[in-house]
Every structure is written in structure tokens, then in C-alpha cells.
$ cat data14.txt   # compact mmCIF, C-alpha atoms
# COMPACT_ATOMS: atom_id res chain seq x y z
CA MET A 10 -45.09 134.56 0.53
CA LYS A 11 -43.18 137.75 1.44
CA ARG A 12 -45.49 139.80 -0.76
CA LEU A 13 -48.51 138.24 0.88
CA LEU A 14 -47.15 139.13 4.31
CA LEU A 15 -46.85 142.78 3.26
CA PHE A 16 -50.18 142.80 1.47
CA VAL A 17 -52.30 141.57 4.38
CA PRO A 18 -51.38 144.34 6.87
CA SER A 19 -51.81 146.96 4.13
CA LEU A 20 -55.26 145.61 3.41
CA LEU A 21 -56.14 145.72 7.11
CA LEU A 22 -54.97 149.32 7.39
CA ALA A 23 -56.97 150.33 4.34
CA ALA A 24 -60.04 148.58 5.69
CA PHE A 25 -59.70 150.46 8.98
CA ALA A 26 -59.35 153.85 7.25
CA PHE A 27 -62.28 153.29 4.93
CA GLY A 28 -64.48 151.47 7.39
CA GLN A 29 -65.10 154.44 9.67
CA LYS A 30 -68.36 156.33 9.87
CA ALA A 31 -66.78 159.73 10.57
CA TYR A 32 -63.17 160.77 10.44
CA LEU A 33 -60.73 163.63 9.90
CA GLU A 34 -59.17 163.90 6.46
CA ASP A 35 -55.69 164.43 7.92
CA PRO A 36 -55.71 163.40 11.60
CA ASP A 37 -51.92 163.43 11.92
CA ASN A 38 -51.71 167.12 11.07
CA PHE A 39 -54.90 168.23 12.79
CA ASP A 40 -54.75 171.77 14.17
CA PRO A 41 -58.01 173.17 15.58
CA THR A 42 -57.00 176.68 14.54
CA GLN A 43 -56.56 175.71 10.88
CA PRO A 44 -59.06 174.60 8.18
CA THR A 45 -60.06 170.99 8.80
CA LYS A 46 -62.08 168.58 6.71
CA ILE A 47 -64.32 166.03 8.42
CA LEU A 48 -65.81 163.21 6.35
CA VAL A 49 -68.81 161.00 6.91
CA ASP A 50 -69.38 157.75 5.02
CA ILE A 51 -73.13 157.17 5.07
CA LYS A 52 -72.60 153.56 3.94
CA GLN A 53 -70.85 152.80 7.23
CA CYS A 54 -73.56 154.38 9.39
CA ASP A 55 -76.21 152.42 11.24
CA CYS A 56 -78.97 154.68 9.91
CA GLN A 57 -79.12 154.41 6.13
CA ARG A 58 -81.98 156.71 5.08
CA LEU A 59 -79.50 159.25 3.66
CA LEU A 60 -78.03 156.78 1.13
CA GLY A 61 -78.22 158.48 -2.26
CA ALA A 62 -79.46 161.78 -0.80
CA PRO A 63 -78.90 164.77 -3.12
CA GLU A 64 -77.90 167.07 -0.26
CA VAL A 65 -77.15 166.68 3.44
CA PHE A 66 -76.36 169.04 6.31
CA LEU A 67 -74.16 168.99 9.38
CA TRP A 68 -75.98 169.20 12.75
CA THR A 69 -73.51 169.68 15.57
CA TRP A 70 -73.54 170.37 19.31
CA GLU A 71 -69.97 169.82 20.50
CA PRO A 72 -67.55 171.40 21.27
CA ALA A 73 -70.31 174.05 21.43
CA GLU A 74 -73.97 174.36 20.52
CA LEU A 75 -74.31 177.65 18.74
CA PRO A 76 -77.24 179.97 19.46
CA ALA A 77 -79.78 180.92 16.78
CA SER A 78 -78.08 184.30 16.43
CA ASP A 79 -74.82 182.67 15.28
CA PRO A 80 -74.37 182.38 11.48
CA ASN A 81 -73.10 178.81 11.96
CA ASN A 82 -76.00 177.60 14.09
CA ASN A 83 -77.78 174.38 13.09
CA GLY A 84 -81.04 176.00 11.99
CA SER A 85 -84.20 174.07 12.80
CA TRP A 86 -84.76 170.33 12.53
CA THR A 87 -87.16 170.82 9.62
CA SER A 88 -84.98 173.42 7.88
CA SER A 89 -81.21 173.20 8.33
CA ASN A 90 -79.01 176.26 8.02
CA PRO A 91 -77.74 176.33 4.38
CA ALA A 92 -74.32 177.37 5.73
CA LEU A 93 -73.97 173.84 7.11
CA ALA A 94 -74.53 172.09 3.77
CA MET A 95 -71.99 169.33 3.27
CA THR A 96 -69.94 168.65 0.13
CA ASN A 97 -70.60 165.51 -1.86
CA GLU A 98 -67.36 163.55 -2.18
CA GLY A 99 -69.08 160.77 -4.13
CA ASP A 100 -70.00 157.21 -3.17
CA ASP A 101 -72.17 158.51 -0.29
CA VAL A 102 -69.24 160.16 1.42
CA TRP A 103 -69.87 163.77 2.53
CA SER A 104 -67.45 166.34 3.88
CA PHE A 105 -67.50 169.61 5.74
CA THR A 106 -64.49 171.93 5.90
CA PHE A 107 -64.19 174.48 8.68
CA THR A 108 -61.76 176.02 11.14
CA PRO A 109 -62.96 174.52 14.44
CA THR A 110 -61.98 177.34 16.79
CA ASP A 111 -63.56 179.96 14.50
CA PHE A 112 -66.65 177.91 13.66
CA TYR A 113 -67.53 177.06 17.26
CA GLY A 114 -66.04 180.19 18.82
CA VAL A 115 -64.06 178.16 21.36
CA GLY A 116 -60.41 177.67 22.27
CA ALA A 117 -58.29 174.80 20.98
CA ASP A 118 -58.44 173.23 24.44
CA ALA A 119 -62.22 172.83 24.18
CA VAL A 120 -61.86 171.09 20.80
CA TYR A 121 -59.40 168.58 22.23
CA SER A 122 -61.40 168.19 25.41
CA THR A 123 -64.77 167.24 23.93
CA GLY A 124 -63.99 166.47 20.30
CA PHE A 125 -66.74 166.89 17.71
CA SER A 126 -70.26 165.57 18.25
CA PHE A 127 -72.63 165.79 15.33
CA LEU A 128 -74.92 164.00 12.95
CA VAL A 129 -75.71 164.33 9.27
CA LYS A 130 -79.29 165.05 8.20
CA ALA A 131 -81.51 166.02 5.31
CA LYS A 132 -82.62 169.65 5.19
CA ASP A 133 -85.83 168.46 6.81
CA GLY A 134 -84.73 165.72 9.16
CA SER A 135 -88.25 164.56 10.07
CA GLY A 136 -88.44 161.50 7.80
CA LEU A 137 -91.00 159.09 9.19
CA GLY A 138 -90.74 160.75 12.59
CA GLY A 139 -90.35 159.11 15.94
CA GLY A 140 -86.61 159.58 16.26
CA GLY A 141 -83.98 156.93 15.68
CA CYS A 142 -83.23 155.67 12.18
CA ASP A 143 -86.76 156.44 10.98
CA GLU A 144 -85.79 160.09 10.66
CA ASP A 145 -83.72 161.39 7.75
CA LYS A 146 -80.47 161.47 9.65
CA THR A 147 -77.55 159.39 10.77
CA GLU A 148 -77.11 158.29 14.34
CA ASN A 149 -75.00 160.55 16.59
CA LEU A 150 -71.41 160.61 15.39
CA SER A 151 -68.23 161.80 17.03
CA ILE A 152 -64.60 162.46 16.26
CA LYS A 153 -62.06 162.89 19.04
CA PRO A 154 -58.84 164.41 17.70
CA GLU A 155 -55.65 163.12 19.25
CA LEU A 156 -53.58 165.64 21.15
CA PRO A 157 -50.41 166.57 19.29
CA GLU A 158 -47.36 164.74 20.53
CA VAL A 159 -45.35 166.97 22.78
CA PRO A 160 -41.62 166.26 22.89
CA VAL A 161 -40.53 165.05 26.31
CA LEU A 162 -38.56 167.82 27.97
CA VAL A 163 -35.98 166.81 30.52
CA VAL A 164 -35.91 170.34 31.92
CA ALA A 165 -39.08 172.41 31.61
CA GLY A 166 -40.77 175.42 33.16
CA PHE A 167 -44.38 175.98 34.21
CA PRO A 168 -46.41 177.95 33.25
CA SER A 169 -45.67 178.70 29.59
CA ASN A 170 -45.87 182.45 30.11
CA LEU A 171 -45.49 184.35 33.32
CA LEU A 172 -44.92 187.77 34.82
CA PRO A 173 -42.25 188.45 37.48
CA GLN A 174 -44.87 188.28 40.28
CA ASP A 175 -46.15 184.80 39.32
CA VAL A 176 -45.24 181.46 40.81
CA PHE A 177 -42.80 179.59 38.57
CA THR A 178 -41.96 175.88 38.74
CA LEU A 179 -38.77 174.49 37.26
CA VAL A 180 -39.16 170.77 36.58
CA TYR A 181 -36.31 168.35 35.94
CA ASP A 182 -37.44 164.89 34.87
CA ASN A 183 -34.43 162.77 35.71
CA SER A 184 -36.29 159.63 34.60
CA GLN A 185 -36.12 160.98 31.02
CA GLU A 186 -32.46 161.93 31.22
CA GLU A 187 -30.46 160.53 28.31
CA LYS A 188 -27.08 161.70 29.53
CA VAL A 189 -25.70 158.61 31.27
CA SER A 190 -23.61 160.53 33.80
CA MET A 191 -26.74 162.36 35.01
CA GLN A 192 -29.04 159.36 35.32
CA ASN A 193 -30.55 157.95 38.54
CA LEU A 194 -29.73 160.93 40.76
CA SER A 195 -30.56 160.64 44.44
CA ALA A 196 -33.03 162.87 46.27
CA ASP A 197 -30.41 165.26 47.71
CA GLU A 198 -28.14 165.42 44.68
CA VAL A 199 -29.87 167.88 42.35
CA TYR A 200 -29.19 171.61 42.35
CA CYS A 201 -29.84 174.36 39.91
CA TYR A 202 -27.83 177.33 38.76
CA ALA A 203 -30.26 180.21 38.18
CA SER A 204 -29.90 183.66 36.75
CA ALA A 205 -32.21 186.43 35.64
CA PHE A 206 -31.79 188.84 32.79
CA VAL A 207 -32.86 192.46 32.72
CA ASP A 208 -32.56 192.96 28.99
CA SER A 209 -28.96 191.84 28.36
CA VAL A 210 -27.63 192.20 31.91
CA GLU A 211 -27.43 188.90 33.81
CA TYR A 212 -27.95 188.60 37.57
CA GLU A 213 -27.07 185.21 39.04
CA VAL A 214 -28.50 184.03 42.34
CA THR A 215 -25.23 182.34 43.29
CA PRO A 216 -22.06 181.82 41.22
CA PHE A 217 -22.06 178.42 39.50
CA PHE A 218 -19.39 176.78 41.64
CA GLN A 219 -21.00 177.93 44.91
CA VAL A 220 -24.49 176.66 44.06
CA PRO A 221 -24.46 173.75 46.60
CA ASN A 222 -23.87 176.31 49.38
CA ASN A 223 -27.26 177.88 48.69
CA ALA A 224 -30.09 175.66 49.98
CA ALA A 225 -32.61 177.71 48.00
CA LEU A 226 -31.11 176.26 44.82
CA GLN A 227 -31.62 172.62 45.79
CA MET A 228 -34.35 171.00 43.72
CA GLN A 229 -36.91 168.99 45.65
CA SER A 230 -37.45 165.34 44.77
CA SER A 231 -41.05 164.35 44.04
CA GLY A 232 -40.13 160.71 44.56
CA ASP A 233 -40.95 159.69 40.99
CA GLY A 234 -37.71 160.75 39.34
CA THR A 235 -38.76 164.37 38.93
CA PHE A 236 -37.28 167.30 40.81
CA THR A 237 -38.87 170.72 41.17
CA LEU A 238 -37.92 174.19 42.27
CA MET A 239 -40.72 176.72 42.88
CA PHE A 240 -40.34 180.44 43.37
CA ILE A 241 -41.64 183.87 42.48
CA PRO A 242 -39.03 185.51 40.21
CA GLU A 243 -39.49 188.96 41.73
CA GLN A 244 -38.70 187.56 45.20
CA PHE A 245 -36.17 184.93 44.16
CA PHE A 246 -33.72 187.08 42.23
CA THR A 247 -32.94 189.40 45.09
CA ASN A 248 -29.96 191.01 43.40
CA VAL A 249 -31.99 192.38 40.50
CA PRO A 250 -32.06 196.16 41.14
CA THR A 251 -35.34 197.53 42.48
CA GLY A 252 -37.41 199.01 39.70
CA SER A 253 -35.85 196.77 37.03
CA THR A 254 -38.05 194.24 35.26
CA ILE A 255 -36.88 190.69 34.68
CA THR A 256 -37.15 189.82 31.00
CA SER A 257 -35.92 186.21 31.08
CA MET A 258 -34.42 183.51 33.29
CA ARG A 259 -31.72 180.91 32.68
CA PHE A 260 -31.33 177.58 34.47
CA VAL A 261 -28.67 174.85 34.44
CA VAL A 262 -29.50 171.71 36.37
CA ARG A 263 -26.41 170.15 37.92
CA LYS A 264 -25.25 167.67 40.51
CA LYS A 265 -24.34 168.81 44.00
CA VAL A 266 -20.79 167.56 43.48
CA TYR A 267 -19.51 169.05 40.24
CA LEU A 268 -16.36 167.79 38.61
CA GLY A 269 -17.02 168.82 35.05
CA THR A 270 -19.67 169.11 32.33
CA ALA A 271 -20.59 165.47 32.85
CA ASP A 272 -22.29 166.63 36.05
CA GLN A 273 -24.78 169.01 34.44
CA VAL A 274 -27.55 168.74 31.88
CA ASP A 275 -26.46 169.47 28.35
CA ASP A 276 -28.77 172.36 27.56
CA PRO A 277 -29.62 175.30 29.80
CA LEU A 278 -33.29 176.27 29.95
CA LEU A 279 -34.14 179.82 28.92
CA VAL A 280 -37.51 181.13 30.06
CA PRO A 281 -38.93 184.44 28.82
CA VAL A 282 -40.69 186.54 31.45
CA GLY A 283 -43.35 189.09 30.57
CA CYS A 284 -46.23 189.30 28.14
CA PRO A 285 -45.60 187.30 24.96
CA MET B 29 -86.39 124.64 58.99
CA LYS B 30 -88.61 124.98 55.92
CA ILE B 31 -91.16 126.98 57.95
CA THR B 32 -88.45 129.31 59.34
CA LEU B 33 -87.20 130.06 55.83
CA LYS B 34 -90.78 130.68 54.67
CA TYR B 35 -91.38 133.19 57.50
CA PHE B 36 -88.05 134.84 56.81
CA PHE B 37 -88.94 135.47 53.18
CA ILE B 38 -92.43 136.73 54.09
CA LEU B 39 -90.87 139.20 56.53
CA LEU B 40 -88.32 140.25 53.92
CA MET B 41 -91.06 140.91 51.37
CA ALA B 42 -93.09 142.86 53.91
CA ALA B 43 -90.20 145.10 54.99
CA PRO B 44 -90.83 147.79 52.33
CA LEU B 45 -94.41 148.18 53.61
CA PHE B 46 -93.13 149.31 57.00
CA THR B 47 -90.31 151.49 55.71
CA ALA B 48 -92.72 153.25 53.36
CA CYS B 49 -94.73 154.40 56.38
CA VAL B 50 -91.80 156.13 58.12
CA GLU B 51 -92.49 159.80 58.60
CA ASP B 52 -90.41 162.07 56.38
CA ASP B 53 -88.34 164.05 58.86
CA THR B 54 -86.23 165.88 56.25
CA PRO B 55 -86.19 169.50 57.38
CA ASP B 56 -87.32 172.27 55.04
CA ILE B 57 -84.52 173.87 53.10
CA GLY B 58 -85.78 177.26 54.17
CA GLU B 59 -84.70 180.56 52.70
CA GLU B 60 -81.43 180.70 50.82
CA GLY B 61 -78.67 182.29 52.91
CA SER B 62 -77.46 185.80 52.17
CA LYS B 63 -74.23 185.88 50.21
CA LEU B 64 -73.25 189.07 52.02
CA ASP B 65 -73.53 187.18 55.31
CA GLY B 66 -71.79 184.24 53.71
CA ILE B 67 -68.61 186.05 52.74
CA ASN B 68 -68.44 188.09 55.96
CA ALA B 69 -65.57 186.22 57.64
CA THR B 70 -61.85 185.60 57.78
CA TRP B 71 -60.73 183.02 55.26
CA ARG B 72 -57.59 180.90 55.48
CA LEU B 73 -55.95 179.68 52.26
CA VAL B 74 -55.97 175.87 52.00
CA GLU B 75 -55.32 175.17 48.32
CA VAL B 76 -54.04 176.96 45.22
CA ASN B 77 -53.83 175.62 41.69
CA GLN B 78 -52.17 177.39 38.82
CA GLN B 79 -53.63 176.88 35.35
CA ASP B 80 -51.55 177.54 32.23
CA ASP B 81 -54.06 179.29 29.98
CA VAL B 82 -51.63 179.25 27.06
CA SER B 83 -51.35 175.45 26.89
CA PHE B 84 -53.79 173.52 24.67
CA THR B 85 -54.86 171.36 27.56
CA LEU B 86 -55.02 174.12 30.20
CA GLU B 87 -52.39 172.23 32.18
CA THR B 88 -52.75 172.77 35.91
CA ARG B 89 -50.29 172.41 38.78
CA ASN B 90 -51.07 172.38 42.46
CA ILE B 91 -48.83 175.01 44.06
CA SER B 92 -50.29 174.70 47.57
CA ASP B 93 -47.10 173.27 49.05
CA PHE B 94 -45.14 176.30 47.92
CA LEU B 95 -47.49 178.63 49.78
CA LEU B 96 -48.59 176.49 52.70
CA ALA B 97 -45.80 174.03 53.56
CA ASP B 98 -44.58 176.18 56.45
CA GLY B 99 -48.02 176.06 58.05
CA ASN B 100 -48.35 179.81 57.77
CA ALA B 101 -51.41 180.18 55.56
CA PRO B 102 -52.28 183.57 54.02
CA GLN B 103 -55.66 184.95 55.08
CA ILE B 104 -58.21 187.37 53.70
CA THR B 105 -60.99 189.02 55.71
CA PHE B 106 -64.17 190.36 54.14
CA ASN B 107 -66.34 192.77 56.09
CA SER B 108 -69.82 192.98 54.60
CA ALA B 109 -70.98 195.86 56.82
CA ASP B 110 -68.60 198.45 55.39
CA LYS B 111 -67.55 196.47 52.29
CA THR B 112 -63.85 196.47 53.19
CA TYR B 113 -61.30 193.69 53.10
CA SER B 114 -57.84 193.09 54.47
CA VAL B 115 -55.12 190.63 53.54
CA ASP B 116 -52.52 188.95 55.71
CA ALA B 117 -50.37 187.44 52.96
CA LYS B 118 -47.66 186.21 55.35
CA GLY B 119 -45.12 187.59 52.89
CA LYS B 120 -46.27 185.26 50.13
CA LEU B 121 -47.94 185.47 46.72
CA ASN B 122 -50.49 188.25 46.87
CA PHE B 123 -52.27 190.08 44.10
CA TRP B 124 -54.93 191.74 46.27
CA GLY B 125 -52.89 194.40 48.12
CA THR B 126 -53.10 194.66 51.92
CA GLU B 127 -56.52 196.29 52.25
CA GLY B 128 -59.26 197.94 50.27
CA SER B 129 -62.93 197.83 49.44
CA TRP B 130 -64.96 195.26 47.56
CA THR B 131 -68.30 194.73 45.84
CA PHE B 132 -70.26 191.81 44.46
CA ASP B 133 -71.57 192.17 40.92
CA ASP B 134 -74.94 191.11 42.36
CA ASP B 135 -75.56 190.97 46.11
CA VAL B 136 -78.28 188.32 45.74
CA ALA B 137 -76.62 185.99 43.24
CA PRO B 138 -72.98 187.09 42.92
CA THR B 139 -70.71 185.64 40.25
CA ASN B 140 -67.70 187.82 40.87
CA ILE B 141 -66.07 190.22 43.32
CA THR B 142 -64.40 193.48 42.42
CA LEU B 143 -61.53 194.19 44.79
CA SER B 144 -60.35 197.78 44.99
CA PRO B 145 -57.00 197.72 46.80
CA THR B 146 -56.18 201.06 48.38
CA GLY B 147 -54.24 203.15 45.89
CA GLU B 148 -54.26 200.48 43.20
CA SER B 149 -56.39 199.44 40.23
CA ASP B 150 -59.50 197.30 40.62
CA ILE B 151 -59.11 193.53 40.44
CA LEU B 152 -61.86 191.20 39.24
CA VAL B 153 -62.05 187.73 40.79
CA ASN B 154 -64.65 185.15 39.86
CA LEU B 155 -66.56 183.12 42.41
CA THR B 156 -66.39 179.48 41.38
CA ALA B 157 -68.82 178.28 44.03
CA THR B 158 -71.67 179.87 45.93
CA ILE B 159 -70.89 181.53 49.23
CA ARG B 160 -73.70 181.18 51.78
CA PRO B 161 -73.29 181.34 55.56
CA VAL B 162 -73.31 177.52 55.64
CA ASP B 163 -70.51 177.20 53.10
CA LYS B 164 -67.21 176.17 54.61
CA PHE B 165 -65.09 177.21 51.65
CA LEU B 166 -64.64 180.35 49.58
CA GLN B 167 -63.54 179.41 46.07
CA ILE B 168 -62.37 182.07 43.67
CA GLU B 169 -60.29 182.34 40.53
CA PHE B 170 -58.15 185.16 39.27
CA SER B 171 -56.68 185.53 35.78
CA ARG B 172 -53.39 187.18 34.91
CA ASP B 173 -53.91 189.16 31.75
CA CYS B 174 -51.55 190.19 29.03
CA GLY B 175 -53.23 192.73 26.79
CA GLY B 176 -56.67 191.28 27.48
CA THR B 177 -55.58 187.64 27.05
CA SER B 178 -55.36 185.45 30.11
CA ILE B 179 -52.02 183.67 30.42
CA ILE B 180 -52.45 182.14 33.89
CA THR B 181 -55.46 181.50 36.12
CA TYR B 182 -55.00 181.00 39.86
CA LEU B 183 -57.68 178.86 41.48
CA TYR B 184 -57.91 179.59 45.21
CA LYS B 185 -59.68 177.66 47.93
CA TYR B 186 -60.03 179.35 51.32
CA GLU B 187 -61.49 177.78 54.44
CA ARG B 188 -63.72 179.74 56.81
CA ALA B 189 -61.54 180.59 59.83
CA ASN B 190 -64.19 182.16 62.08
$ encode --input "data14.txt" --output "C-alpha cells"
Amino acid sequence: MKRLLLFVPSLLLAAFAFGQKAYLEDPDNFDPTQPTKILVDIKQCDCQRLLGAPEVFLWTWEPAELPASDPNNNGSWTSSNPALAMTNEGDDVWSFTFTPTDFYGVGADAVYSTGFSFLVKAKDGSGLGGGGCDEDKTENLSIKPELPEVPVLVVAGFPSNLLPQDVFTLVYDNSQEEKVSMQNLSADEVYCYASAFVDSVEYEVTPFFQVPNNAALQMQSSGDGTFTLMFIPEQFFTNVPTGSTITSMRFVVRKKVYLGTADQVDDPLLVPVGCP
Amino acid sequence: MKITLKYFFILLMAAPLFTACVEDDTPDIGEEGSKLDGINATWRLVEVNQQDDVSFTLETRNISDFLLADGNAPQITFNSADKTYSVDAKGKLNFWGTEGSWTFDDDVAPTNITLSPTGESDILVNLTATIRPVDKFLQIEFSRDCGGTSIITYLYKYERAN
């Protein structure tokens, strides 16, 4: 009985994986900037005229439709571009391996945003004509890659890269705080120790134990458990000597009333400033 | 009662016949407004978004509160007659300098503006919406480059102030 209980879910999972029309070979490790294999199982498609076909071609229009001048363009409907010939994996399963960002000439964000839209066709897709399943093609297919899981950061900075003249937002998500002594902080309770580095020399805005005396270091509650502090580094770190360039910033989120390390987050946030 | 209902339905069915005869009083669109006339104004900042161009998802944050919460909105004035501009940044975020000259890439159908702040390098900002005399908002975007790669894009929305 135990074996049967294990066997049934496994069978269901296998059926799901093999019952798809179009899928990524390794969806869990998908990276749009790395070689990726997409597979199409003609047997699962609604249009079946390509069953047993000796060769098939990819015909794609998303994330980008490539112009005729591009070596990866689709070609014409009656004569596909040989560069888009798919590989026979056997049993009417066909694959195409490519690096999405290079192939389409787009950024990774565009790949995640639209996913892949395509169909599979014979070199001459005309078939009986008239569109639909009477042509030598599958119906329109799509694959939408899942965004990679991003670890939840309790303290984070936005944007990822910045210059000293840009607006910076420090975000503290108290609702994700795992340190019990720092949980459920009230709207007026969160402050931040901040310092800037010019190479290895550190310039603090206010000494750690005087932070609550500086209203500019109080983080603002957004009302949903998050607290933010926004500033322009060049204007915020007033004690950085004129003509010096800030190379990084360091933040420690803490409570207004500080009795010991229980009243601060465990890890300071270090933010590089300048071109990566 | 039966007769009343019958008349009601006849009238209901006949309604489209009368509406179809209403004279079309939609005014002509007329000539498209000059973009030079369109931008010739003082513009008050009403919204700014910051887009992280390094993130996969182009994550965006609205930073309007940071710049506008005190009710003191930065302004920019474009003069189309002598192609000059001036900025009243109110001491806030400002990449445009305090004054300079400007040009559209195309006076008829502009897609971007080149700002030439006095004594500084040219700055290219893209128009993200058309700017005719009837348009209430000036919408532009400006990218912060690191060696030719954009790391941040600021999306500005200004409201016509005069």
C-alpha cells in the first residue's frame, strides 16, 4: 500500500512532464544568457500533420521577430531558414538549442517578460493551405520561463548600481525579520546608522550611539512592515571631503532605543557606489 | 397593459433609426500641432520613477515623494524661440544643469532632446510621449550610463505650468 502511495504521485509527475507540447529541457536552471534547449512533442500538439516528418523548423516571433537581414530570421513560409532546423530527439520530439539573449538580440528581461512564442513547421509550411491545422505546422506554442527565485532580503538597497548623484533607497522589510528581538517594530522605532567610504576611509553621518538624535536617519514606515530611507549619497554624506568620490556605503538598521546587539539587524548592508 | 408593452417594444426597436440620423458633430482633427510650440513652456515635475536597468525585471520604484513631498516641485522651462532652457531644481536631483541650449532630433516628429548645459557635456533625453500644444504633460526619460551601459533610467513626468 505504501509503495502504491509513492508510485501514484510519481506517475502523475511523469505524466505532467511528458504530456506537454513545448517545454524547456531544464526549467529549474534556466538562464536566458546561457545555451537553452527547448523541446516540442508533436504527438501532444493539436495539429498533427508533422507526425513522422523527416525535418522540421522553428518559426518564432517572441521575444523578438527578427528581420530578414538577421541570420536567425525565420525565412519565408514556403522556405524556412536552414539555421532554424530542429534536432530530431526521436519519437516525434524535436529540440532547438540556442542562447536566447544572443539569438533574439534582446536582454534577459525581455525573455522573462514575454517568454517564447513559436511554432514548428515543415520547410514549406503551406500543406493544404488555408491556415490552421491544414498547413504543415503545429498550432502556436509558447513557453514562459519562471523568474529565478530571489532570496528575500531583510535589508536591501535600490537600485542595484548607482553613482553618487543618484537617488538611493534603503529598504528594511521588518515583516521578513527573523531576529525575534527586532520583530514587529512600530512606525517611529526604526533608525539607520549610515557611513560612506572613500576607498578605505570611512565617513559616518552620525556616530552609532547618537543616531536617534539625527532625524535624517529615521526610516519612514510604509505601513506594510517595510521602512525606507531615500537620499542622494553626494548630498547625504556631507562630511565626505569635497572632490572625493564615494566608493561604497554601509548601513546598520537599529532600534531607536539601543541596549545591545539585540536591537540591531544582524548583518550590515554594504552597497558599492560607482560603475560596476 | 398588453398594448402598452407592445408600444414600448416598438419604440425601443425604432430607437436606433432616430439615433442613426443624428448629425455627426465631431470636429475635424485639423493640422497636427507644432512640437516646437508644444514644448515652449514652463514644466513642473509631478512624477519620477527610477528603473533599475541592471535587474532582470527592470524593477521600478516611484521616487516622487522624495522629490515632491515638500510641495516644492522642480521646474524646467523650454524656450523654442532661441532654443534655450533653464532649470529651477529647488536644490534637488538635477542632471540638466541650471541653463543651456537644446535641440530636437527632428522638429516635426521629435523622439529625443539634446540638452547642452552651459559649460557641460551634452545630455540626451528621450521623449516618451508626443509634445503638442494641447498636451498637458511632458514625459521624458534619461539613462545613467556606465561605459555605454545603462544602469538606471529616470522616467520624468512634468505638468505644463503656463
$ residues_around --input "data14.txt" --residues "Leu96 in chain B" --least-positions-apart "4" --cutoff "12 Å" --atoms "only C-alpha atoms" --output "short mmCIF file (atom, residue, chain, number, x, y, z; two decimals) with C-alpha atoms, keeping the file's coordinate frame"
data_model
loop_
_atom_site.label_atom_id
_atom_site.label_comp_id
_atom_site.auth_asym_id
_atom_site.auth_seq_id
_atom_site.Cartn_x
_atom_site.Cartn_y
_atom_site.Cartn_z
CA ARG B 72 -57.59 180.90 55.48
CA LEU B 73 -55.95 179.68 52.26
CA VAL B 74 -55.97 175.87 52.00
CA GLU B 75 -55.32 175.17 48.32
CA VAL B 76 -54.04 176.96 45.22
CA ASN B 90 -51.07 172.38 42.46
CA ILE B 91 -48.83 175.01 44.06
CA SER B 92 -50.29 174.70 47.57
CA ASN B 100 -48.35 179.81 57.77
CA ALA B 101 -51.41 180.18 55.56
CA PRO B 102 -52.28 183.57 54.02
CA GLN B 103 -55.66 184.95 55.08
CA ALA B 117 -50.37 187.44 52.96
CA LYS B 118 -47.66 186.21 55.35
CA GLY B 119 -45.12 187.59 52.89
CA LYS B 120 -46.27 185.26 50.13
CA LEU B 121 -47.94 185.47 46.72
CA TYR B 186 -60.03 179.35 51.32
#
$ closest_residue --input "data14.txt" --among "A:Ser104, A:Thr254, A:Ser88, A:Gln174" --to "Gly134 in chain A" --atoms "all atoms listed in the file"
A:Ser88
$ atom_distance --input "data14.txt" --atom1 "CA of Ala137 in chain B" --atom2 "CA of Pro161 in chain B"
13.6 Å
$ closest_residue --input "data14.txt" --among "B:Ile67, B:Asp80, B:Thr156, B:Arg89" --to "Thr131 in chain B" --atoms "all atoms listed in the file"
B:Ile67
$ atom_distance --input "data14.txt" --atom1 "CA of Ser151 in chain A" --atom2 "CA of Ser126 in chain A"
4.5 Å
$ closest_atom_pairs --input "data14.txt" --of "chain B" --to "chain A" --cutoff "8 Å" --atoms "all atoms listed in the file" --output "JSON lines"
{"residue": "B:Gln79", "atom": "CA", "partner": "A:Pro168", "partner_atom": "CA", "distance": 7.6}
{"residue": "B:Asp80", "atom": "CA", "partner": "A:Pro168", "partner_atom": "CA", "distance": 5.3}
{"residue": "B:Val82", "atom": "CA", "partner": "A:Ser169", "partner_atom": "CA", "distance": 6.5}
{"residue": "B:Ser83", "atom": "CA", "partner": "A:Ser169", "partner_atom": "CA", "distance": 7.1}
{"residue": "B:Phe84", "atom": "CA", "partner": "A:Asp118", "partner_atom": "CA", "distance": 4.7}
{"residue": "B:Thr85", "atom": "CA", "partner": "A:Asp118", "partner_atom": "CA", "distance": 5.1}
{"residue": "B:Leu86", "atom": "CA", "partner": "A:Asp118", "partner_atom": "CA", "distance": 6.8}
{"residue": "B:Phe94", "atom": "CA", "partner": "A:Met239", "partner_atom": "CA", "distance": 6.7}
{"residue": "B:Leu121", "atom": "CA", "partner": "A:Val176", "partner_atom": "CA", "distance": 7.6}
{"residue": "B:Cys174", "atom": "CA", "partner": "A:Cys284", "partner_atom": "CA", "distance": 5.5}
{"residue": "B:Gly175", "atom": "CA", "partner": "A:Cys284", "partner_atom": "CA", "distance": 7.9}
{"residue": "B:Ile179", "atom": "CA", "partner": "A:Asn170", "partner_atom": "CA", "distance": 6.3}
{"residue": "B:Ile180", "atom": "CA", "partner": "A:Leu171", "partner_atom": "CA", "distance": 7.3}
$ closest_residue --input "data14.txt" --among "B:Asp81, B:Glu169, B:Asp110, B:Asp93" --to "Ile141 in chain B" --atoms "all atoms listed in the file"
B:Glu169
$ atom_distance --input "data14.txt" --atom1 "CA of Ile47 in chain A" --atom2 "CA of Phe107 in chain A"
8.5 Å
$ residues_around --input "data14.txt" --residues "Ala73 in chain A" --least-positions-apart "3" --cutoff "12 Å" --atoms "all atoms listed in the file" --output "PyMOL selection string"
chain A and resi 68-70+76+79+81-83+109-116+119-120+122-127
$ residues_near_point --input "data14.txt" --point "(-26.2, 185.6, 44.6)" --cutoff "9 Å" --atoms "all atoms listed in the file" --output "PyMOL selection string"
chain A and resi 204+212-216+223+246-248
$ build_atoms --input "data14.txt" --residues "range 106-113 of chain B" --atoms "N, CA, C and O atoms" --output "compact mmCIF listing (two decimals), in the coordinates of the input"
# COMPACT_ATOMS: atom_id res chain seq x y z
N PHE B 106 -63.16 189.52 54.78
CA PHE B 106 -64.17 190.36 54.14
C PHE B 106 -65.13 190.87 55.20
O PHE B 106 -65.64 190.08 56.01
N ASN B 107 -65.36 192.17 55.18
CA ASN B 107 -66.34 192.77 56.09
C ASN B 107 -67.51 193.25 55.23
O ASN B 107 -67.35 194.15 54.39
N SER B 108 -68.67 192.64 55.44
CA SER B 108 -69.82 192.98 54.60
C SER B 108 -70.51 194.27 55.06
O SER B 108 -71.24 194.89 54.28
N ALA B 109 -70.30 194.67 56.31
CA ALA B 109 -70.98 195.86 56.82
C ALA B 109 -70.46 197.12 56.12
O ALA B 109 -71.24 197.95 55.65
N ASP B 110 -69.14 197.25 56.04
CA ASP B 110 -68.60 198.45 55.39
C ASP B 110 -67.93 198.13 54.05
O ASP B 110 -67.25 198.98 53.46
N LYS B 111 -68.11 196.90 53.59
CA LYS B 111 -67.55 196.47 52.29
C LYS B 111 -66.04 196.73 52.19
O LYS B 111 -65.56 197.27 51.19
N THR B 112 -65.31 196.38 53.24
CA THR B 112 -63.85 196.47 53.19
C THR B 112 -63.25 195.07 53.31
O THR B 112 -63.94 194.12 53.71
N TYR B 113 -62.01 194.96 52.93
CA TYR B 113 -61.30 193.69 53.10
C TYR B 113 -59.87 193.98 53.52
O TYR B 113 -59.36 195.08 53.32
